[in-house]
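**Q** File follows, entry14.txt with compact mmCIF, N, CA and C atoms:
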# COMPACT_ATOMS: atom_id res chain seq x y z
N MET A 4 35.28 -41.52 -11.79
CA MET A 4 35.14 -42.47 -10.72
C MET A 4 35.18 -41.84 -9.32
N PRO A 5 35.86 -40.70 -9.15
CA PRO A 5 35.83 -40.09 -7.82
C PRO A 5 34.41 -39.74 -7.37
N GLY A 6 33.58 -39.33 -8.34
CA GLY A 6 32.19 -39.03 -8.00
C GLY A 6 31.43 -40.25 -7.51
N MET A 7 31.70 -41.39 -8.11
CA MET A 7 31.06 -42.63 -7.66
C MET A 7 31.52 -43.01 -6.26
N ARG A 8 32.80 -42.78 -5.98
CA ARG A 8 33.31 -43.09 -4.63
C ARG A 8 32.69 -42.16 -3.58
N ARG A 9 32.52 -40.87 -3.95
CA ARG A 9 31.86 -39.95 -3.02
C ARG A 9 30.41 -40.35 -2.79
N LEU A 10 29.73 -40.77 -3.86
CA LEU A 10 28.34 -41.20 -3.73
C LEU A 10 28.23 -42.43 -2.83
N ALA A 11 29.12 -43.40 -3.02
CA ALA A 11 29.11 -44.60 -2.19
C ALA A 11 29.37 -44.26 -0.73
N LYS A 12 30.30 -43.34 -0.50
CA LYS A 12 30.61 -42.94 0.88
C LYS A 12 29.41 -42.24 1.53
N TYR A 13 28.68 -41.47 0.73
CA TYR A 13 27.50 -40.75 1.25
C TYR A 13 26.34 -41.72 1.50
N LEU A 14 26.08 -42.63 0.55
CA LEU A 14 24.92 -43.53 0.67
C LEU A 14 25.16 -44.69 1.62
N TRP A 15 26.36 -45.22 1.62
CA TRP A 15 26.65 -46.43 2.41
C TRP A 15 27.92 -46.24 3.24
N PRO A 16 27.92 -45.33 4.17
CA PRO A 16 29.14 -45.07 4.94
C PRO A 16 29.53 -46.26 5.84
N HIS A 17 28.59 -47.13 6.12
CA HIS A 17 28.85 -48.28 7.00
C HIS A 17 29.47 -49.46 6.25
N LEU A 18 29.54 -49.39 4.92
CA LEU A 18 30.10 -50.49 4.12
C LEU A 18 31.54 -50.17 3.72
N PRO A 19 32.32 -51.23 3.43
CA PRO A 19 33.69 -50.98 2.93
C PRO A 19 33.63 -50.18 1.62
N GLN A 20 34.50 -49.22 1.49
CA GLN A 20 34.48 -48.31 0.34
C GLN A 20 35.56 -48.69 -0.66
N PRO A 21 35.25 -48.55 -1.97
CA PRO A 21 36.30 -48.79 -2.98
C PRO A 21 37.37 -47.72 -2.87
N THR A 22 38.61 -48.13 -3.07
CA THR A 22 39.73 -47.19 -2.91
C THR A 22 40.38 -46.81 -4.22
N SER A 23 39.99 -47.47 -5.32
CA SER A 23 40.60 -47.15 -6.61
C SER A 23 39.52 -47.15 -7.70
N ASP A 24 39.88 -46.62 -8.86
CA ASP A 24 38.95 -46.62 -9.99
C ASP A 24 38.61 -48.05 -10.40
N ARG A 25 39.59 -48.95 -10.34
CA ARG A 25 39.35 -50.34 -10.74
C ARG A 25 38.35 -51.01 -9.80
N GLU A 26 38.49 -50.80 -8.52
CA GLU A 26 37.53 -51.36 -7.55
C GLU A 26 36.14 -50.77 -7.76
N THR A 27 36.09 -49.48 -8.01
CA THR A 27 34.80 -48.81 -8.22
C THR A 27 34.12 -49.36 -9.47
N LEU A 28 34.87 -49.48 -10.55
CA LEU A 28 34.32 -49.99 -11.80
C LEU A 28 33.88 -51.43 -11.65
N SER A 29 34.64 -52.24 -10.94
CA SER A 29 34.24 -53.64 -10.75
C SER A 29 32.97 -53.73 -9.91
N SER A 30 32.81 -52.83 -8.95
CA SER A 30 31.59 -52.81 -8.14
C SER A 30 30.37 -52.47 -9.00
N ILE A 31 30.54 -51.50 -9.89
CA ILE A 31 29.45 -51.10 -10.77
C ILE A 31 29.07 -52.25 -11.69
N HIS A 32 30.06 -52.90 -12.29
CA HIS A 32 29.78 -54.02 -13.19
C HIS A 32 29.13 -55.19 -12.44
N TYR A 33 29.62 -55.47 -11.23
CA TYR A 33 29.03 -56.56 -10.46
C TYR A 33 27.57 -56.25 -10.13
N ALA A 34 27.31 -55.02 -9.73
CA ALA A 34 25.93 -54.63 -9.41
C ALA A 34 25.04 -54.80 -10.63
N ARG A 35 25.57 -54.49 -11.80
CA ARG A 35 24.76 -54.62 -13.02
C ARG A 35 24.48 -56.08 -13.34
N THR A 36 25.41 -56.99 -13.05
CA THR A 36 25.15 -58.41 -13.36
C THR A 36 24.07 -58.99 -12.47
N ILE A 37 23.91 -58.50 -11.26
CA ILE A 37 22.90 -59.07 -10.36
C ILE A 37 21.55 -58.38 -10.45
N ASN A 38 21.51 -57.21 -11.10
CA ASN A 38 20.27 -56.44 -11.19
C ASN A 38 19.42 -56.91 -12.36
N GLU A 39 18.25 -57.44 -12.08
CA GLU A 39 17.39 -58.01 -13.11
C GLU A 39 16.70 -56.96 -13.97
N THR A 40 16.73 -55.69 -13.58
CA THR A 40 16.06 -54.65 -14.37
C THR A 40 16.87 -54.23 -15.60
N PHE A 41 18.16 -54.55 -15.64
CA PHE A 41 18.97 -54.24 -16.81
C PHE A 41 18.73 -55.27 -17.90
N SER A 42 18.95 -54.87 -19.14
CA SER A 42 18.81 -55.81 -20.26
C SER A 42 19.90 -56.87 -20.18
N LEU A 43 19.63 -58.00 -20.81
CA LEU A 43 20.62 -59.08 -20.80
C LEU A 43 21.91 -58.62 -21.47
N ARG A 44 21.81 -57.80 -22.50
CA ARG A 44 23.00 -57.34 -23.21
C ARG A 44 23.94 -56.57 -22.26
N LEU A 45 23.38 -55.66 -21.47
CA LEU A 45 24.21 -54.91 -20.53
C LEU A 45 24.77 -55.80 -19.43
N ARG A 46 23.94 -56.70 -18.94
CA ARG A 46 24.41 -57.63 -17.91
C ARG A 46 25.50 -58.55 -18.46
N ALA A 47 25.33 -58.99 -19.72
CA ALA A 47 26.31 -59.87 -20.35
C ALA A 47 27.64 -59.15 -20.56
N TYR A 48 27.56 -57.87 -20.95
CA TYR A 48 28.79 -57.10 -21.11
C TYR A 48 29.55 -57.00 -19.78
N SER A 49 28.82 -56.68 -18.73
CA SER A 49 29.45 -56.57 -17.41
C SER A 49 30.02 -57.91 -16.96
N HIS A 50 29.32 -58.99 -17.26
CA HIS A 50 29.81 -60.35 -16.95
C HIS A 50 31.14 -60.59 -17.65
N ALA A 51 31.20 -60.26 -18.95
CA ALA A 51 32.44 -60.45 -19.71
C ALA A 51 33.56 -59.56 -19.18
N TRP A 52 33.24 -58.32 -18.84
CA TRP A 52 34.26 -57.41 -18.32
C TRP A 52 34.82 -57.94 -17.01
N LEU A 53 33.94 -58.36 -16.12
CA LEU A 53 34.41 -58.87 -14.82
C LEU A 53 35.31 -60.08 -14.98
N LEU A 54 34.90 -61.03 -15.81
CA LEU A 54 35.72 -62.23 -16.00
C LEU A 54 37.05 -61.88 -16.66
N GLY A 55 37.02 -60.95 -17.61
CA GLY A 55 38.26 -60.53 -18.28
C GLY A 55 39.24 -59.85 -17.36
N GLU A 56 38.73 -59.20 -16.32
CA GLU A 56 39.59 -58.50 -15.36
C GLU A 56 39.91 -59.35 -14.14
N GLY A 57 39.40 -60.59 -14.10
CA GLY A 57 39.71 -61.49 -13.00
C GLY A 57 38.81 -61.35 -11.79
N PHE A 58 37.63 -60.77 -11.98
CA PHE A 58 36.67 -60.62 -10.88
C PHE A 58 35.54 -61.63 -11.04
N PRO A 59 34.88 -61.99 -9.96
CA PRO A 59 33.71 -62.88 -10.08
C PRO A 59 32.52 -62.11 -10.64
N SER A 60 31.63 -62.85 -11.28
CA SER A 60 30.42 -62.26 -11.85
C SER A 60 29.22 -62.69 -11.03
N GLY A 61 28.22 -61.82 -10.94
CA GLY A 61 27.00 -62.16 -10.22
C GLY A 61 25.89 -62.63 -11.13
N LEU A 62 26.20 -62.83 -12.41
CA LEU A 62 25.18 -63.29 -13.36
C LEU A 62 24.72 -64.69 -13.00
N PRO A 63 23.42 -64.94 -12.98
CA PRO A 63 22.94 -66.28 -12.64
C PRO A 63 23.44 -67.33 -13.65
N ASP A 64 23.66 -68.54 -13.17
CA ASP A 64 24.18 -69.61 -14.01
C ASP A 64 23.31 -69.85 -15.24
N ALA A 65 22.01 -69.69 -15.11
CA ALA A 65 21.10 -69.94 -16.23
C ALA A 65 21.34 -68.96 -17.38
N LEU A 66 21.84 -67.76 -17.09
CA LEU A 66 22.06 -66.75 -18.13
C LEU A 66 23.48 -66.76 -18.71
N LYS A 67 24.38 -67.44 -18.05
CA LYS A 67 25.79 -67.40 -18.48
C LYS A 67 26.02 -67.91 -19.90
N PRO A 68 25.40 -69.04 -20.32
CA PRO A 68 25.64 -69.47 -21.70
C PRO A 68 25.22 -68.44 -22.75
N ARG A 69 24.07 -67.81 -22.55
CA ARG A 69 23.62 -66.78 -23.50
C ARG A 69 24.56 -65.58 -23.48
N ALA A 70 24.98 -65.19 -22.30
CA ALA A 70 25.88 -64.05 -22.16
C ALA A 70 27.23 -64.33 -22.83
N GLU A 71 27.72 -65.53 -22.68
CA GLU A 71 29.02 -65.87 -23.25
C GLU A 71 28.96 -66.03 -24.76
N ARG A 72 27.76 -66.28 -25.31
CA ARG A 72 27.61 -66.27 -26.77
C ARG A 72 27.57 -64.83 -27.29
N MET A 73 27.01 -63.92 -26.50
CA MET A 73 26.96 -62.51 -26.90
C MET A 73 28.34 -61.87 -26.89
N PHE A 74 29.13 -62.19 -25.89
CA PHE A 74 30.47 -61.63 -25.73
C PHE A 74 31.45 -62.78 -25.51
N PRO A 75 31.83 -63.46 -26.60
CA PRO A 75 32.74 -64.60 -26.44
C PRO A 75 34.12 -64.15 -25.97
N VAL A 76 34.78 -65.06 -25.30
CA VAL A 76 36.13 -64.79 -24.79
C VAL A 76 37.12 -64.99 -25.94
N VAL A 77 37.96 -63.99 -26.15
CA VAL A 77 39.00 -64.08 -27.16
C VAL A 77 40.25 -64.61 -26.49
N THR A 78 40.79 -65.67 -27.03
CA THR A 78 41.96 -66.30 -26.45
C THR A 78 43.11 -66.27 -27.45
N GLU A 79 44.26 -65.89 -26.98
CA GLU A 79 45.44 -65.90 -27.83
C GLU A 79 46.10 -67.26 -27.71
N ALA A 80 46.69 -67.70 -28.82
CA ALA A 80 47.37 -68.99 -28.82
C ALA A 80 48.60 -68.90 -29.72
N VAL A 81 49.57 -69.73 -29.40
CA VAL A 81 50.77 -69.84 -30.21
C VAL A 81 50.96 -71.31 -30.53
N GLY A 82 51.15 -71.59 -31.80
CA GLY A 82 51.39 -72.98 -32.21
C GLY A 82 52.87 -73.19 -32.50
N ILE A 83 53.39 -74.30 -32.03
CA ILE A 83 54.79 -74.64 -32.27
C ILE A 83 54.83 -76.05 -32.85
N ALA A 84 55.36 -76.14 -34.05
CA ALA A 84 55.49 -77.45 -34.70
C ALA A 84 56.93 -77.60 -35.17
N VAL A 85 57.56 -78.65 -34.71
CA VAL A 85 58.95 -78.92 -35.09
C VAL A 85 59.02 -80.38 -35.51
N GLY A 86 59.58 -80.61 -36.64
CA GLY A 86 59.72 -81.99 -37.09
C GLY A 86 60.91 -82.10 -38.00
N GLY A 87 61.31 -83.30 -38.23
CA GLY A 87 62.44 -83.51 -39.13
C GLY A 87 62.26 -84.82 -39.86
N ALA A 88 62.67 -84.83 -41.11
CA ALA A 88 62.54 -86.04 -41.92
C ALA A 88 63.60 -87.07 -41.54
N SER A 89 64.75 -86.60 -41.08
CA SER A 89 65.83 -87.53 -40.76
C SER A 89 65.72 -88.00 -39.31
N ASP A 90 66.49 -89.02 -38.98
CA ASP A 90 66.53 -89.51 -37.60
C ASP A 90 67.06 -88.44 -36.65
N VAL A 91 68.05 -87.67 -37.12
CA VAL A 91 68.62 -86.60 -36.30
C VAL A 91 67.57 -85.53 -36.03
N GLY A 92 66.82 -85.17 -37.07
CA GLY A 92 65.77 -84.16 -36.91
C GLY A 92 64.71 -84.59 -35.91
N ARG A 93 64.30 -85.85 -35.98
CA ARG A 93 63.30 -86.36 -35.03
C ARG A 93 63.87 -86.44 -33.62
N ALA A 94 65.16 -86.67 -33.51
CA ALA A 94 65.78 -86.80 -32.19
C ALA A 94 65.87 -85.45 -31.47
N ILE A 95 66.14 -84.39 -32.21
CA ILE A 95 66.29 -83.09 -31.55
C ILE A 95 64.99 -82.28 -31.52
N ALA A 96 63.98 -82.73 -32.23
CA ALA A 96 62.72 -81.98 -32.31
C ALA A 96 62.14 -81.63 -30.93
N PRO A 97 62.09 -82.56 -29.96
CA PRO A 97 61.54 -82.18 -28.65
C PRO A 97 62.35 -81.10 -27.94
N LEU A 98 63.67 -81.11 -28.13
CA LEU A 98 64.52 -80.09 -27.51
C LEU A 98 64.29 -78.71 -28.14
N VAL A 99 64.18 -78.70 -29.47
CA VAL A 99 63.94 -77.44 -30.17
C VAL A 99 62.55 -76.90 -29.81
N GLN A 100 61.57 -77.78 -29.77
CA GLN A 100 60.21 -77.38 -29.42
C GLN A 100 60.17 -76.81 -27.99
N GLY A 101 60.89 -77.45 -27.08
CA GLY A 101 60.94 -76.96 -25.70
C GLY A 101 61.57 -75.57 -25.61
N ALA A 102 62.64 -75.35 -26.37
CA ALA A 102 63.30 -74.04 -26.37
C ALA A 102 62.37 -72.97 -26.95
N MET A 103 61.65 -73.31 -28.01
CA MET A 103 60.72 -72.35 -28.61
C MET A 103 59.57 -72.05 -27.64
N SER A 104 59.09 -73.07 -26.96
CA SER A 104 58.02 -72.89 -25.99
C SER A 104 58.48 -72.00 -24.84
N ASP A 105 59.68 -72.23 -24.35
CA ASP A 105 60.23 -71.39 -23.28
C ASP A 105 60.36 -69.93 -23.73
N ALA A 106 60.75 -69.72 -25.00
CA ALA A 106 60.88 -68.36 -25.52
C ALA A 106 59.52 -67.66 -25.53
N VAL A 107 58.48 -68.37 -25.93
CA VAL A 107 57.12 -67.79 -25.94
C VAL A 107 56.69 -67.45 -24.52
N LEU A 108 56.92 -68.36 -23.59
CA LEU A 108 56.54 -68.10 -22.20
C LEU A 108 57.29 -66.91 -21.62
N ASP A 109 58.54 -66.74 -21.99
CA ASP A 109 59.32 -65.58 -21.52
C ASP A 109 58.72 -64.29 -22.05
N VAL A 110 58.34 -64.27 -23.32
CA VAL A 110 57.76 -63.06 -23.90
C VAL A 110 56.44 -62.73 -23.21
N TYR A 111 55.59 -63.73 -22.97
CA TYR A 111 54.31 -63.49 -22.31
C TYR A 111 54.48 -63.13 -20.83
N ALA A 112 55.58 -63.57 -20.23
CA ALA A 112 55.83 -63.19 -18.83
C ALA A 112 56.19 -61.71 -18.74
N ASP A 113 56.83 -61.19 -19.78
CA ASP A 113 57.22 -59.78 -19.80
C ASP A 113 56.07 -58.85 -20.16
N SER A 114 55.10 -59.34 -20.94
CA SER A 114 54.01 -58.49 -21.41
C SER A 114 52.72 -59.31 -21.47
N LYS A 115 51.61 -58.72 -21.04
CA LYS A 115 50.33 -59.44 -21.02
C LYS A 115 49.88 -59.80 -22.43
N SER A 116 50.05 -58.89 -23.36
CA SER A 116 49.63 -59.13 -24.74
C SER A 116 50.71 -58.61 -25.69
N PRO A 117 51.76 -59.40 -25.91
CA PRO A 117 52.88 -58.92 -26.70
C PRO A 117 52.56 -58.86 -28.20
N ASP A 118 53.40 -58.16 -28.91
CA ASP A 118 53.30 -58.02 -30.35
C ASP A 118 53.57 -59.37 -31.02
N VAL A 119 52.79 -59.70 -32.04
CA VAL A 119 52.92 -60.98 -32.74
C VAL A 119 54.31 -61.12 -33.36
N ASP A 120 54.82 -60.04 -33.94
CA ASP A 120 56.14 -60.10 -34.57
C ASP A 120 57.24 -60.38 -33.55
N LEU A 121 57.10 -59.86 -32.35
CA LEU A 121 58.07 -60.12 -31.30
C LEU A 121 58.07 -61.60 -30.92
N VAL A 122 56.88 -62.18 -30.78
CA VAL A 122 56.77 -63.61 -30.44
C VAL A 122 57.41 -64.45 -31.54
N LYS A 123 57.10 -64.14 -32.79
CA LYS A 123 57.66 -64.91 -33.91
C LYS A 123 59.18 -64.81 -33.96
N SER A 124 59.70 -63.60 -33.75
CA SER A 124 61.15 -63.43 -33.83
C SER A 124 61.86 -64.16 -32.69
N ARG A 125 61.28 -64.12 -31.49
CA ARG A 125 61.89 -64.84 -30.35
C ARG A 125 61.84 -66.35 -30.57
N MET A 126 60.73 -66.84 -31.16
CA MET A 126 60.64 -68.27 -31.45
C MET A 126 61.69 -68.67 -32.47
N ALA A 127 61.85 -67.88 -33.52
CA ALA A 127 62.83 -68.19 -34.57
C ALA A 127 64.25 -68.15 -34.00
N LEU A 128 64.52 -67.18 -33.15
CA LEU A 128 65.85 -67.09 -32.53
C LEU A 128 66.12 -68.30 -31.64
N ALA A 129 65.13 -68.71 -30.86
CA ALA A 129 65.29 -69.88 -29.99
C ALA A 129 65.52 -71.13 -30.82
N ARG A 130 64.78 -71.26 -31.91
CA ARG A 130 64.94 -72.43 -32.80
C ARG A 130 66.35 -72.47 -33.37
N LYS A 131 66.79 -71.34 -33.92
CA LYS A 131 68.11 -71.27 -34.56
C LYS A 131 69.23 -71.52 -33.56
N SER A 132 69.15 -70.89 -32.40
CA SER A 132 70.24 -71.05 -31.43
C SER A 132 70.27 -72.46 -30.83
N THR A 133 69.12 -73.08 -30.64
CA THR A 133 69.09 -74.44 -30.10
C THR A 133 69.67 -75.44 -31.10
N ILE A 134 69.29 -75.29 -32.35
CA ILE A 134 69.84 -76.19 -33.39
C ILE A 134 71.34 -76.00 -33.48
N LYS A 135 71.79 -74.74 -33.40
CA LYS A 135 73.24 -74.47 -33.48
C LYS A 135 73.97 -75.10 -32.30
N LYS A 136 73.38 -75.00 -31.08
CA LYS A 136 74.01 -75.60 -29.91
C LYS A 136 74.07 -77.12 -30.03
N LEU A 137 73.02 -77.72 -30.55
CA LEU A 137 72.95 -79.18 -30.62
C LEU A 137 73.77 -79.76 -31.78
N LEU A 138 73.75 -79.11 -32.91
CA LEU A 138 74.40 -79.68 -34.10
C LEU A 138 75.62 -78.93 -34.55
N GLY A 139 75.86 -77.76 -34.02
CA GLY A 139 76.97 -76.94 -34.49
C GLY A 139 76.55 -76.19 -35.74
N LYS A 140 77.50 -75.49 -36.33
CA LYS A 140 77.20 -74.72 -37.52
C LYS A 140 77.03 -75.66 -38.71
N ILE A 141 75.91 -75.53 -39.39
CA ILE A 141 75.63 -76.42 -40.54
C ILE A 141 75.83 -75.66 -41.82
Mind converting the file's structure to structure tokens?
**A**
Amino acid sequence: MPGMRRLAKYLWPHLPQPTSDRETLSSIHYARTINETFSLRLRAYSHAWLLGEGFPSGLPDALKPRAERMFPVVTEAVGIAVGGASDVGRAIAPLVQGAMSDAVLDVYADSKSPDVDLVKSRMALARKSTIKKLLGKI
């Protein structure tokens, strides 16, 4: 990337210059999305990269659906289901679910993409400790 920054400084000294590898790479990807001479596959990849990194894409709106089918967005999700057959179980279910949800949010706040086993263990710990606090030792 330093070579790209030197090239940009040489060719366009009057324009703002990228100061990091991330800025340089985002500039390259953005340029590729707006350039019609590149294949749709390359433009679609750059579109997906930019969106994944939180940058805007220059891909025309008409091409976005095709591009997003080529490189679909992968989304992580966590499901939390708490229920109880008894009246007591139904009464505490929202509290247990809230504690488990908070545990998941804490794990994701600490790491962008945490380990699945860590999320599961934190959810189980939150469930167990909340039930213990609400009902005591069973």
**Q** Could you list, as a list in words, every residue within 8 Å of A:Pro5, counting all atoms listed in the file and ignoring same-chain residues fewer than 5 positions away?
**A**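 Here the qualifying residues turn out to be Leu10, Ala11, Ser23 and Asp24 of chain A.
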**Q** Counting only N, CA and C atoms, figure out which residue out of A:Arg130, A:Arg8, A:Arg46, A:Arg69 gets nearest to A:His32.
**A**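 Ranked by minimum distance to A:His32, first place goes to A:Arg46.
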**Q** Calculate how many Å separate atom CA of A:Leu137 from atom C of A:Val85, rounding to one decimal.
**A**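 These two atoms are separated by 14.8 Å.
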**Q** Residues near A:Ile83, anyone? I mean within 8 Å using all atoms listed in the file, not counting same-chain ones fewer than 5 positions away, as a PyMOL selection string.
**A** chain A and resi 100+103-104
**Q** Between atom CA of A:Phe74 and atom CA of A:Phe58, what distance in Å does the model show, to one decimal?
**A** 16.1 Å
**Q** Quick one: residues within 10 Å of A:Arg125, only C-alpha atoms, excluding same-chain residues fewer than 2 positions away - as a list in words?
**A**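 With the cut-off at 10 Å, the set is Met103, Ser104, Asp105, Ala106, Val107, Asp109, Val110, Asp120, Leu121, Val122, Lys123, Ala127, Leu128, Ala129, Arg130 and Lys131 of chain A.
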**Q** Which of chain A counts as helix (DSSP H, G or I) under DSSP, as a ChimeraX atom specification please?
**A** /A:5-14,24-37,43-55,64-73,90-113,119-138
**Q** Return the single residue from A:Thr133, A:Val99, A:Glu39, A:Gly139 that is closest to A:Gly86, with distances computed using only C-alpha atoms.
**A** A:Val99
**Q** Just the number, please: distance in Å from atom CA of A:Pro19 to atom N of A:Gly6, one decimal.
**A** 16.2 Å
